[in-house]
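The next block holds one structure in the form of structure tokens; read it before the comments.
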Amino acid sequence: MKRASFIDIGTNTALLLIADLDPVNNRIVPVLHRQTIVRLGKNVDEQKIIDHAAMQRLIQCMLDFKELSKEHKAQSIIAAGTSALRDAKNRMEIIDEVVMASDIVIKTLSGEEEAAMTFSGAVAGMEDIPELFTVIDIGGGSTEISMGNTSHLEHSVSLDIGSVRLTERFFSGLPPSDDAFLAAKAEIDRMLAGNLEPFFTGRKNVFGVAGTLTTIAKVVSGLEVFDPEKIHNYPLRYDQVTLLLEELQSLSVEQIIDKGVPQGRADVITMGTLILHQFMRLLGIPEIHVSAQGLRYGLALKELHSLRGDDTGSNSA
């Protein structure tokens with residue numbers, strides 16, 4: 001049995017999973033979950049640079065996560081960066097500063113690596129996994145869509161449409177103007193249209209991961225406090241997403257916070273909901289199951305397989 005920490009450094013949020021890895025029974029046993037809004041990707045879409053303030057937020061977050069890992073006696077820390085680090089011209093400078101401050105080494109994943117790990121992590125530990133399923137990960141900087149089964153990833157794509165990236169690009173404030181909303185919708189449709197055809201065969205069983213999906217599920221289910229156990233595998237219907245999107249279109253950031261959306265996500269949830277809505281509409285998906293897992297579970301699975309001495313990528317954990 002090995003205890004390890006797994007960190008997913010996204011464009012908006014950094015997520016920590018401390019887990020025990022049981023190679024004998026091929027299981028991941030969660031010990032602790034934490035998340036911090038870092039907004040690492042602030043203005044990265046336009047400037048292609050992670051600024052000093054964002055770097056300091058990241059360093060402080062890594063120091064906090066390192067302390068939690070030490071408290072819970074994790075033997076190692078594995079950290080992965082996604083869209084914001086992929087896009088930033090000063091990526092190596094940021095990574096070097098984090099190493100010097102915290103001794104945590106961040107590996108920047110390609111879009112394909114992120115999609116594959118998220119795909120396996122989304123259903124890790126689940127029972128009755130469908131023979132063919134699709135996973136969508138709506139992040140701050142990009143959206144990954146993957147399809148396959150528990151032993152084989154058939155197709156995946158990483159698209160530069162994320163809640164932070166497109167909010168910065170199209171919305172000058174909230175609520176957005178009708179013209180800004182329609183322009184964002186047209187861009188999302190343009191990016192999705194040329195990439196969704198392979199996923200029609202996997203549209204009957206779809207899982208959604210990351211903060212946009214879990215936040216939407218929290219709001220539509222009426223939960224006052226976020227509870228991962230109640231959100232995990234929550235069936236989110238297209239009509240629920242449509243009604244929420246229609247409501248969000250007319251709300252300010254303050255009003256969105258009043259609906260129970262965390263402050264660090266309130267300014268980008270309208271765009272995230274729009275991305276999800278268009279994905280479901282274009283593929284004709286009536287319902288999507290929300291997974292409270294994702295990339296950090298994919299990182300844990302990879303480490304578990306290395307302990308087992310295999311690299312099958314199996315989702316049986």
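Residue numbering restarts at 1 for every chain of the structure tokens, chains are lettered A, B, ... in their displayed order, and ligands are numbered from 1 as they appear.
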DSSP on the backbone, then: every residue of region 48-103 of chain A marked strand (DSSP E or B), written as JSON, numbers by chain.
{"A": [76, 77, 78, 79, 80, 81]}
Restricting the output to C-alpha atoms, write the selected residues as a short mmCIF file (atom, residue, chain, number, x, y, z; two decimals), in the first residue's frame.
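Contents of part26.cif, as written:
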data_model
loop_
_atom_site.label_atom_id
_atom_site.label_comp_id
_atom_site.auth_asym_id
_atom_site.auth_seq_id
_atom_site.Cartn_x
_atom_site.Cartn_y
_atom_site.Cartn_z
CA SER A 76 5.13 11.24 -3.03
CA ILE A 77 3.49 14.15 -4.86
CA ILE A 78 2.61 13.94 -8.56
CA ALA A 79 1.50 17.20 -10.20
CA ALA A 80 0.25 17.84 -13.73
CA GLY A 81 -0.52 21.09 -15.52
#
Excluding same-chain residues fewer than 2 positions from Tyr238 (chain A), what lies within 9 Å of it counting only C-alpha atoms, as a ChimeraX atom specification?
/A:236,240-243,277,280-281,284-288
Write the residues of the preceding selection, restricted to C-alpha atoms, as a PDB file, in the first residue's frame.
ATOM      1  CA  LEU A 236     -27.957  15.863 -15.330  1.00  0.00           C
ATOM      2  CA  GLN A 240     -32.107  21.234 -16.677  1.00  0.00           C
ATOM      3  CA  VAL A 241     -29.015  22.627 -18.411  1.00  0.00           C
ATOM      4  CA  THR A 242     -31.220  24.627 -20.801  1.00  0.00           C
ATOM      5  CA  LEU A 243     -33.256  26.195 -17.982  1.00  0.00           C
ATOM      6  CA  HIS A 277     -25.418  23.010 -23.506  1.00  0.00           C
ATOM      7  CA  MET A 280     -25.411  18.156 -25.516  1.00  0.00           C
ATOM      8  CA  ARG A 281     -27.557  19.870 -28.155  1.00  0.00           C
ATOM      9  CA  GLY A 284     -28.545  15.040 -29.080  1.00  0.00           C
ATOM     10  CA  ILE A 285     -27.683  13.941 -25.517  1.00  0.00           C
ATOM     11  CA  PRO A 286     -30.732  13.876 -23.204  1.00  0.00           C
ATOM     12  CA  GLU A 287     -28.751  13.153 -20.025  1.00  0.00           C
ATOM     13  CA  ILE A 288     -25.167  13.225 -18.811  1.00  0.00           C
TER      14      ILE A 288
END
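Comparing the minimum interatomic distances between Leu159 (chain A) and each of A:Pro198, A:Gly10, A:Gly173, A:Gly111, counting only C-alpha atoms, we find that A:Gly111 sits nearest.
The smallest atom-to-atom distance between Thr108 (chain A) and any of A:Glu246, A:Asp8, A:Asp179, A:Glu71, using only C-alpha atoms, is found for A:Asp8.
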Please list as a ChimeraX atom specification every residue within 7 Å of Arg203 (chain A), counting only C-alpha atoms and excluding residues in the same chain fewer than 2 positions away.
/A:134,199-201,205-206,283,285
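For the set A:Gly260, A:Gly202, A:Gly208, A:Gly41, the residue with the smallest atom-to-atom gap to Gly222 (chain A) is A:Gly260, counting only C-alpha atoms.
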Would you kindly return, as a ChimeraX atom specification, each protein, DNA or RNA residue with an atom no farther than 7 Å from any atom of Ala266 (chain A), considering only C-alpha atoms and excluding same-chain residues fewer than 4 positions away?
/A:253,256-257,261-262
Enumerate the residues of region 13-245 of chain A with a DSSP assignment of helix (DSSP H, G or I), computed from the backbone, and present them as a VMD selection string.
chain A and resid 44 to 47 52 to 71 83 to 87 91 to 102 111 to 122 163 to 170 178 to 193 197 to 202 211 to 221 228 to 231 238 to 245
Tell me, as a ChimeraX atom specification, which residues lie within 7 Å of region 92-102 of chain A, counting only C-alpha atoms; anything in the same chain fewer than 3 positions away does not count.
/A:55,59,62-63,105-106
Write a file of the selected residues as a PDB file, in the first residue's frame, keeping C-alpha atoms.
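That gives us result20.pdb:
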ATOM      1  CA  MET A  55       2.451  32.476 -10.315  1.00  0.00           C
ATOM      2  CA  ILE A  59       3.199  28.722  -5.470  1.00  0.00           C
ATOM      3  CA  MET A  62       1.473  24.172  -3.939  1.00  0.00           C
ATOM      4  CA  LEU A  63       2.932  24.998  -0.519  1.00  0.00           C
ATOM      5  CA  VAL A 105       7.756  19.190 -10.081  1.00  0.00           C
ATOM      6  CA  ILE A 106       4.918  19.919 -12.492  1.00  0.00           C
TER       7      ILE A 106
END
If we count only C-alpha atoms, what is near Phe6 (chain A) at a cut-off of 10 Å, once residues fewer than 3 positions away on the same chain are taken out, given as an mmCIF file with C-alpha atoms, in the first residue's frame?
data_model
loop_
_atom_site.group_PDB
_atom_site.id
_atom_site.type_symbol
_atom_site.label_atom_id
_atom_site.label_comp_id
_atom_site.auth_asym_id
_atom_site.auth_seq_id
_atom_site.Cartn_x
_atom_site.Cartn_y
_atom_site.Cartn_z
ATOM 1 C CA ILE A 9 -3.350 22.257 -12.020
ATOM 2 C CA LEU A 15 -7.293 20.038 -7.277
ATOM 3 C CA LEU A 16 -5.624 17.769 -4.741
ATOM 4 C CA LEU A 17 -6.315 14.085 -4.172
ATOM 5 C CA ILE A 18 -4.456 12.213 -1.445
ATOM 6 C CA ALA A 19 -5.100 8.503 -1.844
ATOM 7 C CA HIS A 33 -9.822 16.100 -1.392
ATOM 8 C CA PHE A 65 -0.971 21.160 -0.780
ATOM 9 C CA SER A 69 0.439 15.910 1.962
ATOM 10 C CA ALA A 74 1.871 10.981 1.563
ATOM 11 C CA SER A 76 5.127 11.239 -3.031
ATOM 12 C CA ILE A 77 3.494 14.150 -4.858
ATOM 13 C CA ILE A 78 2.609 13.938 -8.555
ATOM 14 C CA ALA A 79 1.503 17.201 -10.200
ATOM 15 C CA ALA A 80 0.253 17.838 -13.728
ATOM 16 C CA LEU A 295 -7.593 13.910 -14.177
ATOM 17 C CA ARG A 296 -6.181 13.435 -10.674
ATOM 18 C CA TYR A 297 -7.781 9.972 -10.563
ATOM 19 C CA GLY A 298 -6.198 9.261 -13.927
ATOM 20 C CA LEU A 299 -2.824 10.215 -12.464
ATOM 21 C CA ALA A 300 -3.528 7.904 -9.520
ATOM 22 C CA GLU A 303 0.764 5.299 -10.515
#
Residue nearest Ile37 (chain A) among A:Ile129, A:Gly121, A:Lys230, A:Arg265 (counting only C-alpha atoms)
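Smallest distance to Ile37 (chain A) is found for A:Arg265.
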